[in-house]
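Here is entry-v5.cif, consisting of mmCIF, C-alpha atoms:
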```cif
data_data
loop_
_atom_site.label_atom_id
_atom_site.label_comp_id
_atom_site.auth_asym_id
_atom_site.auth_seq_id
_atom_site.Cartn_x
_atom_site.Cartn_y
_atom_site.Cartn_z
CA GLY A 24 0.00 0.00 0.00
CA ASN A 25 2.78 2.43 0.86
CA VAL A 26 4.54 1.68 -2.43
CA PHE A 27 1.37 2.30 -4.42
CA CYS A 28 0.81 5.56 -2.52
CA LYS A 29 4.29 6.78 -3.37
CA GLU A 30 3.52 6.06 -7.02
CA ALA A 31 0.18 7.90 -6.63
CA ASP A 32 -1.66 4.66 -7.54
CA PHE A 33 -4.32 5.30 -4.92
CA GLU A 34 -6.85 2.72 -6.11
CA ASN A 35 -4.43 -0.16 -5.61
CA ALA A 36 -3.14 1.42 -2.41
CA GLU A 37 -6.68 1.48 -1.02
CA GLU A 38 -7.14 -2.22 -1.85
CA MET A 39 -3.91 -3.13 -0.03
CA TYR A 40 -4.76 -0.99 2.99
CA ARG A 41 -8.24 -2.54 3.23
CA LYS A 42 -6.77 -6.04 3.22
CA ALA A 43 -4.31 -5.05 5.96
CA LEU A 44 -7.13 -3.54 8.01
CA GLU A 45 -9.27 -6.66 7.67
CA ILE A 46 -6.39 -8.86 8.84
CA ASP A 47 -5.60 -6.67 11.84
CA LEU A 48 -9.26 -6.36 12.85
CA GLU A 49 -9.21 -10.12 13.38
CA ALA A 50 -5.74 -10.31 14.90
CA GLN A 51 -5.51 -7.24 17.19
CA PRO A 52 -7.44 -5.96 20.22
CA ASP A 53 -9.97 -3.24 19.33
CA ASN A 54 -7.94 -0.35 20.76
CA HIS A 55 -4.52 -1.48 19.54
CA LEU A 56 -2.29 1.21 18.01
CA VAL A 57 -1.80 -0.90 14.87
CA LEU A 58 -5.54 -0.69 14.16
CA SER A 59 -5.48 3.06 14.63
CA ASN A 60 -2.67 3.32 12.11
CA ARG A 61 -4.53 1.13 9.64
CA TYR A 62 -7.55 3.42 9.85
CA ARG A 63 -5.22 6.38 9.42
CA ASP A 64 -3.74 4.85 6.25
CA MET A 65 -7.24 4.29 4.91
CA ALA A 66 -8.22 7.88 5.69
CA THR A 67 -5.17 9.18 3.83
CA VAL A 68 -5.69 7.16 0.66
CA LEU A 69 -9.42 7.94 0.62
CA THR A 70 -8.61 11.63 0.97
CA ASP A 71 -6.26 11.39 -2.00
CA GLN A 72 -9.20 10.03 -4.02
CA CYS A 73 -11.58 12.74 -2.72
CA LYS A 74 -13.75 10.12 -0.99
CA ILE A 75 -14.39 12.61 1.77
CA ASP A 76 -17.24 11.00 3.71
CA GLU A 77 -15.44 7.65 3.90
CA ALA A 78 -12.20 9.36 4.89
CA ILE A 79 -13.92 11.22 7.75
CA LYS A 80 -15.26 7.91 9.10
CA MET A 81 -11.77 6.42 9.04
CA HIS A 82 -10.29 9.44 10.81
CA LYS A 83 -12.92 9.13 13.54
CA GLN A 84 -12.06 5.46 14.03
CA SER A 85 -8.36 6.24 14.24
CA LEU A 86 -8.80 9.27 16.51
CA ALA A 87 -11.01 7.39 18.98
CA ARG A 88 -8.40 4.66 19.40
CA LYS A 89 -5.51 7.09 19.77
CA LEU A 90 -7.34 9.12 22.39
CA HIS A 91 -7.98 5.87 24.29
CA ILE A 92 -4.35 4.74 23.96
CA HIS A 93 -2.69 8.03 24.92
CA GLY A 94 -5.30 9.23 27.42
CA ARG A 95 -4.77 12.89 26.49
CA GLU A 96 -5.14 15.23 23.52
CA ASP A 97 -1.64 16.75 23.57
CA HIS A 98 0.16 14.03 21.67
CA PRO A 99 1.72 14.01 18.15
CA ASP A 100 -0.57 11.16 17.07
CA ILE A 101 -3.64 13.21 17.94
CA ALA A 102 -2.26 16.31 16.22
CA THR A 103 -1.64 14.23 13.09
CA GLU A 104 -5.27 13.12 13.06
CA TYR A 105 -6.41 16.72 13.36
CA ILE A 106 -4.21 17.61 10.39
CA GLY A 107 -6.05 14.97 8.36
CA VAL A 108 -9.43 16.27 9.46
CA GLY A 109 -8.36 19.80 8.52
CA VAL A 110 -7.50 18.66 5.00
CA LEU A 111 -10.95 17.12 4.64
CA LEU A 112 -12.58 20.33 5.85
CA MET A 113 -10.64 22.23 3.19
CA LYS A 114 -11.85 19.81 0.52
CA GLN A 115 -15.40 20.47 1.71
CA ASN A 116 -14.64 24.22 1.41
CA ARG A 117 -15.32 24.66 5.14
CA LEU A 118 -12.40 27.05 5.31
CA ASP A 119 -13.13 28.71 8.65
CA ASP A 120 -13.49 25.32 10.33
CA ALA A 121 -10.30 24.11 8.66
CA LEU A 122 -8.44 27.21 9.82
CA GLN A 123 -9.60 26.64 13.40
CA MET A 124 -8.32 23.06 13.17
CA CYS A 125 -4.92 24.35 11.99
CA ASP A 126 -4.80 26.83 14.88
CA ARG A 127 -5.62 24.00 17.28
CA VAL A 128 -2.78 21.87 15.95
CA ILE A 129 -0.29 24.75 16.11
CA GLU A 130 -1.23 25.40 19.74
CA MET A 131 -0.71 21.70 20.49
CA CYS A 132 2.70 21.74 18.79
CA ASN A 133 3.73 24.76 20.84
CA ARG A 134 2.76 22.96 24.02
CA LEU A 135 4.51 19.76 22.94
CA GLY A 136 7.83 21.51 22.38
CA PRO A 137 10.47 21.69 19.62
CA GLY A 138 10.95 17.97 18.89
CA GLU A 139 11.47 16.84 15.29
CA VAL A 140 8.11 15.06 15.05
CA ASN A 141 6.30 18.12 16.39
CA ARG A 142 8.13 20.35 13.91
CA LYS A 143 7.00 18.12 11.03
CA ILE A 144 3.41 18.38 12.22
CA LEU A 145 3.80 22.13 12.63
CA ALA A 146 5.06 22.42 9.05
CA ALA A 147 1.94 20.61 7.81
CA ALA A 148 -0.39 22.82 9.85
CA VAL A 149 1.24 26.05 8.71
CA GLY A 150 1.21 24.80 5.12
CA ASN A 151 -2.52 24.10 5.39
CA GLN A 152 -3.05 27.58 6.80
CA ALA A 153 -1.31 28.97 3.72
CA ILE A 154 -3.56 26.99 1.37
CA ILE A 155 -6.64 28.23 3.22
CA ARG A 156 -5.50 31.86 3.05
CA ASP A 157 -4.87 31.40 -0.66
CA LYS A 158 -8.39 30.03 -1.15
CA GLN A 159 -9.71 33.03 0.81
CA GLY A 160 -7.88 35.37 -1.53
CA ASP A 161 -5.34 36.62 1.00
CA LEU A 162 -2.22 36.04 -1.10
CA GLU A 163 0.04 38.13 1.13
CA ALA A 164 -0.77 36.03 4.20
CA ALA A 165 -0.54 32.83 2.15
CA THR A 166 2.94 33.78 0.92
CA GLU A 167 4.20 34.56 4.42
CA LEU A 168 2.87 31.27 5.78
CA LEU A 169 4.36 29.29 2.89
CA GLU A 170 7.76 30.80 3.49
CA GLN A 171 7.43 29.74 7.14
CA THR A 172 6.49 26.17 6.30
CA LEU A 173 9.29 25.97 3.70
CA ALA A 174 11.85 26.99 6.34
CA ILE A 175 10.51 24.37 8.77
CA ARG A 176 10.43 21.62 6.11
CA GLU A 177 14.01 22.33 5.03
CA GLU A 178 15.03 22.17 8.69
CA VAL A 179 13.36 18.88 9.59
CA PHE A 180 13.24 17.02 6.23
CA GLY A 181 16.18 18.49 4.37
CA GLU A 182 16.39 20.62 1.24
CA MET A 183 15.98 17.72 -1.24
CA HIS A 184 13.01 15.92 0.36
CA PRO A 185 9.61 15.40 -1.34
CA GLU A 186 7.92 17.11 1.63
CA THR A 187 10.04 20.18 0.94
CA ALA A 188 9.07 19.97 -2.73
CA ILE A 189 5.40 20.29 -1.72
CA ALA A 190 6.12 23.70 -0.18
CA TYR A 191 8.10 24.84 -3.24
CA GLN A 192 5.29 23.70 -5.54
CA ILE A 193 2.61 25.64 -3.66
CA ILE A 194 4.85 28.70 -3.35
CA ALA A 195 5.40 28.64 -7.11
CA ARG A 196 1.66 28.64 -7.71
CA ILE A 197 1.09 31.54 -5.30
CA TYR A 198 3.93 33.60 -6.77
CA GLY A 199 2.51 32.92 -10.23
CA GLN A 200 -0.87 34.28 -9.14
CA GLN A 201 0.92 37.40 -7.90
CA ASP A 202 2.72 37.80 -11.26
CA ARG A 203 6.05 37.29 -9.48
CA LEU A 204 7.10 35.08 -12.36
CA ASP A 205 10.85 35.02 -11.70
CA ASP A 206 10.26 33.95 -8.08
CA ALA A 207 7.61 31.46 -9.23
CA ILE A 208 9.96 29.90 -11.79
CA HIS A 209 12.72 29.62 -9.18
CA ALA A 210 10.40 27.82 -6.72
CA SER A 211 8.97 25.62 -9.48
CA THR A 212 12.46 24.67 -10.59
CA LYS A 213 13.34 23.60 -7.05
CA ALA A 214 10.19 21.47 -6.75
CA LEU A 215 10.87 19.83 -10.11
CA GLN A 216 14.52 19.12 -9.29
CA ILE A 217 13.60 17.46 -5.99
CA ARG A 218 10.86 15.33 -7.47
CA LEU A 219 12.96 14.25 -10.45
CA LYS A 220 15.71 13.12 -8.09
CA GLU A 221 13.59 11.53 -5.38
CA LEU A 222 10.49 10.29 -7.24
CA GLY A 223 11.59 9.88 -10.86
CA LYS A 224 10.37 11.50 -14.06
CA ASP A 225 7.31 9.24 -14.49
CA ASN A 226 5.82 9.94 -11.05
CA PRO A 227 2.52 11.91 -11.22
CA TYR A 228 3.83 14.45 -8.70
CA THR A 229 6.91 15.02 -10.87
CA GLU A 230 4.68 15.41 -13.92
CA ASP A 231 2.61 17.97 -12.01
CA SER A 232 5.77 19.95 -11.23
CA ALA A 233 6.90 19.74 -14.85
CA THR A 234 3.53 21.03 -16.06
CA LEU A 235 3.63 23.98 -13.66
CA PHE A 236 7.22 24.79 -14.68
CA VAL A 237 6.25 24.90 -18.36
CA GLN A 238 3.16 27.03 -17.63
CA LEU A 239 5.22 29.56 -15.69
CA LYS A 240 7.92 29.68 -18.36
CA LEU A 241 5.27 30.24 -21.03
CA GLY A 242 3.75 32.98 -18.89
CA LYS A 243 7.13 34.64 -18.55
CA ALA A 244 7.76 34.43 -22.30
CA ALA A 245 4.33 35.94 -23.01
CA ALA A 246 5.00 38.76 -20.52
CA ILE A 247 8.36 39.53 -22.16
CA ASN A 248 6.67 39.55 -25.58
CA GLU A 249 4.08 42.03 -24.28
CA ASP A 250 6.84 44.23 -22.84
CA GLY A 251 8.55 44.29 -26.21
CA LEU A 252 5.30 45.14 -27.98
CA ALA A 253 4.55 47.94 -25.51
CA LEU A 254 8.03 49.36 -25.95
CA ALA A 255 7.68 49.32 -29.71
CA LYS A 256 4.26 51.01 -29.60
CA ALA A 257 5.66 53.69 -27.28
CA GLY A 258 8.28 54.54 -29.88
CA GLY A 259 11.22 53.15 -27.94
CA ASP A 260 14.49 52.02 -29.46
CA TYR A 261 13.63 49.15 -31.81
CA THR A 262 16.77 47.26 -30.77
CA ASP A 263 15.53 47.09 -27.17
CA ALA A 264 12.17 45.72 -28.34
CA VAL A 265 13.89 43.14 -30.54
CA LYS A 266 16.05 42.01 -27.60
CA LEU A 267 12.88 41.36 -25.59
CA PHE A 268 11.34 39.40 -28.46
CA GLN A 269 14.53 37.35 -28.80
CA GLU A 270 14.49 36.64 -25.06
CA ALA A 271 10.90 35.38 -25.37
CA LEU A 272 11.85 33.18 -28.32
CA SER A 273 14.79 31.82 -26.35
CA MET A 274 12.44 30.74 -23.56
CA TYR A 275 10.15 28.96 -26.02
CA SER A 276 13.20 27.26 -27.53
CA GLU A 277 14.42 26.19 -24.08
CA LEU A 278 11.11 24.43 -23.52
CA LYS A 279 11.35 22.82 -26.96
CA LEU A 280 7.86 24.14 -27.69
CA GLU A 281 6.60 25.71 -30.88
CA GLU A 282 3.34 27.38 -29.90
CA PRO A 283 1.14 29.76 -31.90
CA ASP A 284 2.36 32.25 -29.30
CA THR A 285 5.85 31.75 -30.70
CA ALA A 286 4.56 32.82 -34.10
CA SER A 287 3.03 35.93 -32.56
CA VAL A 288 6.46 36.92 -31.24
CA TYR A 289 7.87 36.68 -34.77
CA GLU A 290 4.94 38.78 -36.03
CA ASN A 291 5.61 41.46 -33.45
CA MET A 292 9.28 41.38 -34.35
CA ALA A 293 8.38 41.80 -38.02
CA ASP A 294 6.24 44.87 -37.22
CA VAL A 295 9.14 46.44 -35.34
CA TYR A 296 11.50 45.78 -38.24
CA ILE A 297 9.01 47.35 -40.67
CA SER A 298 8.82 50.47 -38.48
CA ALA A 299 12.63 50.62 -38.56
CA ASP A 300 12.67 50.22 -42.39
CA MET A 301 14.51 46.90 -41.99
CA LEU A 302 12.47 45.12 -44.61
CA GLU A 303 14.74 42.12 -45.11
CA GLU A 304 14.62 41.30 -41.40
CA ALA A 305 10.85 41.89 -41.40
CA VAL A 306 10.34 39.39 -44.23
CA ALA A 307 12.49 36.79 -42.43
CA ALA A 308 10.50 37.17 -39.18
CA SER A 309 7.16 37.02 -41.02
CA THR A 310 8.31 33.90 -42.85
CA ASP A 311 9.22 32.22 -39.55
CA ALA A 312 5.77 33.06 -38.18
CA LEU A 313 4.06 31.67 -41.30
CA LYS A 314 6.04 28.41 -41.09
CA ILE A 315 4.89 27.87 -37.52
CA TYR A 316 1.23 28.57 -38.35
CA ARG A 317 1.38 26.12 -41.23
CA ARG A 318 2.92 23.38 -39.05
CA LYS A 319 0.62 23.94 -36.09
CA LEU A 320 -2.65 24.86 -37.80
CA GLY A 321 -2.34 23.09 -41.13
#
```
Write out the structure in this file as structure tokens.
Amino acid sequence: GNVFCKEADFENAEEMYRKALEIDLEAQPDNHLVLSNRYRDMATVLTDQCKIDEAIKMHKQSLARKLHIHGREDHPDIATEYIGVGVLLMKQNRLDDALQMCDRVIEMCNRLGPGEVNRKILAAAVGNQAIIRDKQGDLEAATELLEQTLAIREEVFGEMHPETAIAYQIIARIYGQQDRLDDAIHASTKALQIRLKELGKDNPYTEDSATLFVQLKLGKAAAINEDGLALAKAGGDYTDAVKLFQEALSMYSELKLEEPDTASVYENMADVYISADMLEEAVAASTDALKIYRRKLG
């Protein structure tokens, strides 16, 4: 089940976890910690499949046993269950309730002290707070919280750990929404590097990072193209506009993509050359644009 989870094959992971739970239900006492962990595994894999109602039931089963075993709420196992419940509340869009759950976990972590396990739980709670603030439209607060959770994750997991990659991935998305494209590309690059190294190129999480990286790079190229166009329309030095267009084309080339947007860059470049009475260069740029349109659009 754990192997399937790492490969994001949640359907097969659920089947394995159910079989393990059935075996332990027969073999273990009702309040045994192993049973609690089995329910926790089930809750996690059901959450990954957005089977929210079933996941909540599993969390309740796990939480009840852990409360019985530990005899108190202030314990890392209990905090971990609350983290899971908070994720489910977010998926149900009950953001205020989810935020209260995060606050509760953070208070527990502060009472439990600075141990490594508690710091890992704290990183998850702060990361969830950031996601909630993002969903609520408070990008400034979300960014600050993400930077906090990134620092904690690098401290307790290490810089090249998949858990750290999660923080970089979310930060990249938030920065992208704020049009901080250079910062977004940097964070996305870090997430992709970690996942390529630790998970492999065919892992769905790695593919997700690769997709985001390409989207951000395309966004940056489009922004540079627009800057060049604006400069040309404002009557700026045509050479400065051409440099921007060439930078945009370089980014498309780096991604090994030939988009219709690439053709539009050549068209803009041709217009600038025409304005500068550089007709030979204008014809060459227009020809490059036409070639792309013919290949892409038929």
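Rounded to one decimal, atom CA of A:Leu112 and atom CA of A:Ala66 lie 13.2 Å from each other.
Using all atoms listed in the file, the protein and nucleic acid residues lying no more than 6 Å from stretch 133-149 of chain A, apart from those fewer than 6 places from it along its own chain, are Cys125, Thr172 and Ile175 of chain A.
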Go ahead and dump the residues you just picked, C-alpha atoms, as a PDB file, in the coordinates of the input.
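Contents of the output file again-v7.pdb:
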```pdb
ATOM      1  CA  CYS A 125      -4.920  24.350  11.990  1.00  0.00           C
ATOM      2  CA  THR A 172       6.490  26.170   6.300  1.00  0.00           C
ATOM      3  CA  ILE A 175      10.510  24.370   8.770  1.00  0.00           C
TER       4      ILE A 175
END
```
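For the set A:Ala165, A:Leu254, A:Ala195, A:Ala245, the residue with the smallest atom-to-atom gap to A:Ser287 is A:Ala245, counting only C-alpha atoms.
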* Asked: Care to translate the PyMOL selection byres ((chain A and resi 110) around 12) into actual residues of this file, as a ChimeraX atom specification?
  -> /A:66-67,69-71,73,75,78-79,82,103-109,111-118,120-125,147-148,150-152,154-155
Using the selection just defined, write its residues with C-alpha atoms as a JSON list (two decimals), keeping the file's coordinate frame.
```
[["chain", "number", "residue", "atom", "x", "y", "z"],
["A", 66, "ALA", "CA", -8.22, 7.88, 5.69],
["A", 67, "THR", "CA", -5.17, 9.18, 3.83],
["A", 69, "LEU", "CA", -9.42, 7.94, 0.62],
["A", 70, "THR", "CA", -8.61, 11.63, 0.97],
["A", 71, "ASP", "CA", -6.26, 11.39, -2.00],
["A", 73, "CYS", "CA", -11.58, 12.74, -2.72],
["A", 75, "ILE", "CA", -14.39, 12.61, 1.77],
["A", 78, "ALA", "CA", -12.20, 9.36, 4.89],
["A", 79, "ILE", "CA", -13.92, 11.22, 7.75],
["A", 82, "HIS", "CA", -10.29, 9.44, 10.81],
["A", 103, "THR", "CA", -1.64, 14.23, 13.09],
["A", 104, "GLU", "CA", -5.27, 13.12, 13.06],
["A", 105, "TYR", "CA", -6.41, 16.72, 13.36],
["A", 106, "ILE", "CA", -4.21, 17.61, 10.39],
["A", 107, "GLY", "CA", -6.05, 14.97, 8.36],
["A", 108, "VAL", "CA", -9.43, 16.27, 9.46],
["A", 109, "GLY", "CA", -8.36, 19.80, 8.52],
["A", 111, "LEU", "CA", -10.95, 17.12, 4.64],
["A", 112, "LEU", "CA", -12.58, 20.33, 5.85],
["A", 113, "MET", "CA", -10.64, 22.23, 3.19],
["A", 114, "LYS", "CA", -11.85, 19.81, 0.52],
["A", 115, "GLN", "CA", -15.40, 20.47, 1.71],
["A", 116, "ASN", "CA", -14.64, 24.22, 1.41],
["A", 117, "ARG", "CA", -15.32, 24.66, 5.14],
["A", 118, "LEU", "CA", -12.40, 27.05, 5.31],
["A", 120, "ASP", "CA", -13.49, 25.32, 10.33],
["A", 121, "ALA", "CA", -10.30, 24.11, 8.66],
["A", 122, "LEU", "CA", -8.44, 27.21, 9.82],
["A", 123, "GLN", "CA", -9.60, 26.64, 13.40],
["A", 124, "MET", "CA", -8.32, 23.06, 13.17],
["A", 125, "CYS", "CA", -4.92, 24.35, 11.99],
["A", 147, "ALA", "CA", 1.94, 20.61, 7.81],
["A", 148, "ALA", "CA", -0.39, 22.82, 9.85],
["A", 150, "GLY", "CA", 1.21, 24.80, 5.12],
["A", 151, "ASN", "CA", -2.52, 24.10, 5.39],
["A", 152, "GLN", "CA", -3.05, 27.58, 6.80],
["A", 154, "ILE", "CA", -3.56, 26.99, 1.37],
["A", 155, "ILE", "CA", -6.64, 28.23, 3.22]]
```
Is it possible to get the axis-aligned box enclosing stretch 55-60 of chain A (all listed atoms, 4 Å extra per side) as AutoDock Vina command-line options, with centre and edge lengths in Å rounded to one decimal?
```
--center_x -3.7 --center_y 0.9 --center_z 15.8 --size_x 11.7 --size_y 12.8 --size_z 15.4
```
* To do: Could you state which residues are captured by the PyMOL selection byres ((chain A and resi 212) around 9) in this file, as a count of residues only?
  => 16
Given the PyMOL selection byres ((chain A and resi 265) around 10), the residues it picks as a JSON list (two decimals) with C-alpha atoms, keeping the file's coordinate frame:
```
[["chain", "number", "residue", "atom", "x", "y", "z"],
["A", 248, "ASN", "CA", 6.67, 39.55, -25.58],
["A", 251, "GLY", "CA", 8.55, 44.29, -26.21],
["A", 252, "LEU", "CA", 5.30, 45.14, -27.98],
["A", 254, "LEU", "CA", 8.03, 49.36, -25.95],
["A", 255, "ALA", "CA", 7.68, 49.32, -29.71],
["A", 260, "ASP", "CA", 14.49, 52.02, -29.46],
["A", 261, "TYR", "CA", 13.63, 49.15, -31.81],
["A", 262, "THR", "CA", 16.77, 47.26, -30.77],
["A", 263, "ASP", "CA", 15.53, 47.09, -27.17],
["A", 264, "ALA", "CA", 12.17, 45.72, -28.34],
["A", 266, "LYS", "CA", 16.05, 42.01, -27.60],
["A", 267, "LEU", "CA", 12.88, 41.36, -25.59],
["A", 268, "PHE", "CA", 11.34, 39.40, -28.46],
["A", 269, "GLN", "CA", 14.53, 37.35, -28.80],
["A", 270, "GLU", "CA", 14.49, 36.64, -25.06],
["A", 271, "ALA", "CA", 10.90, 35.38, -25.37],
["A", 288, "VAL", "CA", 6.46, 36.92, -31.24],
["A", 289, "TYR", "CA", 7.87, 36.68, -34.77],
["A", 291, "ASN", "CA", 5.61, 41.46, -33.45],
["A", 292, "MET", "CA", 9.28, 41.38, -34.35],
["A", 293, "ALA", "CA", 8.38, 41.80, -38.02],
["A", 295, "VAL", "CA", 9.14, 46.44, -35.34],
["A", 296, "TYR", "CA", 11.50, 45.78, -38.24]]
```
* Atomic separation - atom CA of A:Gly24 relative to atom CA of A:His93, Å -> 26.3 Å
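Separating atom CA of A:Ile129 from atom CA of A:Gly199 is a distance of 27.7 Å.
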* Counting all atoms listed in the file, the option among A:Ile194, A:Leu239, A:Arg61, A:Glu182 closest to A:Lys220 -> A:Glu182
* For A:Leu58, which residue among A:Leu44, A:Ala164, A:Leu302, A:Ala188 is the nearest when counting only C-alpha atoms? -> A:Leu44
* **10 Å contact set for A:Asp97, only C-alpha atoms, chain neighbours under 5 positions out, as a PyMOL selection string** => chain A and resi 90+102+128+130-132+134-135
Because some atoms of stretch 196-204 of chain A are absent here, can you restore all heavy atoms and send them as a compact mmCIF listing (two decimals), keeping the file's coordinate frame?
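Output file selection31.txt follows:
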```txt
# COMPACT_ATOMS: atom_id res chain seq x y z
N ARG A 196 3.01 28.30 -7.25
CA ARG A 196 1.66 28.64 -7.71
C ARG A 196 1.23 30.01 -7.19
O ARG A 196 0.65 30.83 -7.92
CB ARG A 196 0.66 27.57 -7.25
CG ARG A 196 0.83 26.22 -7.92
CD ARG A 196 -0.30 25.28 -7.54
NE ARG A 196 -0.06 23.93 -7.97
CZ ARG A 196 -0.25 23.49 -9.22
NH1 ARG A 196 -0.67 24.32 -10.14
NH2 ARG A 196 0.00 22.23 -9.52
N ILE A 197 1.49 30.27 -5.91
CA ILE A 197 1.09 31.54 -5.30
C ILE A 197 1.84 32.70 -5.96
O ILE A 197 1.25 33.73 -6.32
CB ILE A 197 1.36 31.53 -3.79
CG1 ILE A 197 0.54 30.43 -3.09
CG2 ILE A 197 1.02 32.90 -3.18
CD1 ILE A 197 -0.95 30.62 -3.15
N TYR A 198 3.15 32.55 -6.11
CA TYR A 198 3.93 33.60 -6.77
C TYR A 198 3.42 33.84 -8.19
O TYR A 198 3.38 34.98 -8.67
CB TYR A 198 5.41 33.21 -6.83
CG TYR A 198 6.16 33.37 -5.52
CD1 TYR A 198 7.34 32.68 -5.29
CD2 TYR A 198 5.70 34.22 -4.52
CE1 TYR A 198 8.05 32.82 -4.10
CE2 TYR A 198 6.39 34.37 -3.33
CZ TYR A 198 7.56 33.66 -3.12
OH TYR A 198 8.26 33.81 -1.96
N GLY A 199 3.05 32.76 -8.88
CA GLY A 199 2.51 32.92 -10.23
C GLY A 199 1.24 33.74 -10.23
O GLY A 199 1.04 34.60 -11.10
N GLN A 200 0.37 33.51 -9.25
CA GLN A 200 -0.87 34.28 -9.14
C GLN A 200 -0.59 35.75 -8.85
O GLN A 200 -1.40 36.63 -9.19
CB GLN A 200 -1.75 33.69 -8.04
CG GLN A 200 -2.32 32.32 -8.37
CD GLN A 200 -3.02 31.69 -7.17
OE1 GLN A 200 -3.30 32.36 -6.18
NE2 GLN A 200 -3.29 30.40 -7.26
N GLN A 201 0.54 36.03 -8.22
CA GLN A 201 0.92 37.40 -7.90
C GLN A 201 1.74 38.05 -9.01
O GLN A 201 2.22 39.17 -8.85
CB GLN A 201 1.73 37.43 -6.59
CG GLN A 201 0.96 36.99 -5.37
CD GLN A 201 1.83 36.87 -4.13
OE1 GLN A 201 3.01 36.51 -4.22
NE2 GLN A 201 1.26 37.18 -2.98
N ASP A 202 1.90 37.33 -10.13
CA ASP A 202 2.72 37.80 -11.26
C ASP A 202 4.18 38.00 -10.88
O ASP A 202 4.91 38.75 -11.53
CB ASP A 202 2.15 39.10 -11.86
CG ASP A 202 0.85 38.86 -12.60
OD1 ASP A 202 0.68 37.76 -13.17
OD2 ASP A 202 -0.01 39.75 -12.60
N ARG A 203 4.62 37.30 -9.84
CA ARG A 203 6.05 37.29 -9.48
C ARG A 203 6.69 36.11 -10.21
O ARG A 203 7.07 35.10 -9.61
CB ARG A 203 6.22 37.18 -7.97
CG ARG A 203 5.68 38.36 -7.20
CD ARG A 203 5.66 38.13 -5.69
NE ARG A 203 6.98 37.78 -5.16
CZ ARG A 203 7.20 37.51 -3.87
NH1 ARG A 203 6.19 37.57 -3.00
NH2 ARG A 203 8.41 37.21 -3.45
N LEU A 204 6.78 36.24 -11.53
CA LEU A 204 7.10 35.08 -12.36
C LEU A 204 8.52 34.58 -12.15
O LEU A 204 8.77 33.37 -12.19
CB LEU A 204 6.85 35.41 -13.83
CG LEU A 204 5.38 35.61 -14.20
CD1 LEU A 204 5.23 36.00 -15.65
CD2 LEU A 204 4.58 34.34 -13.91
```
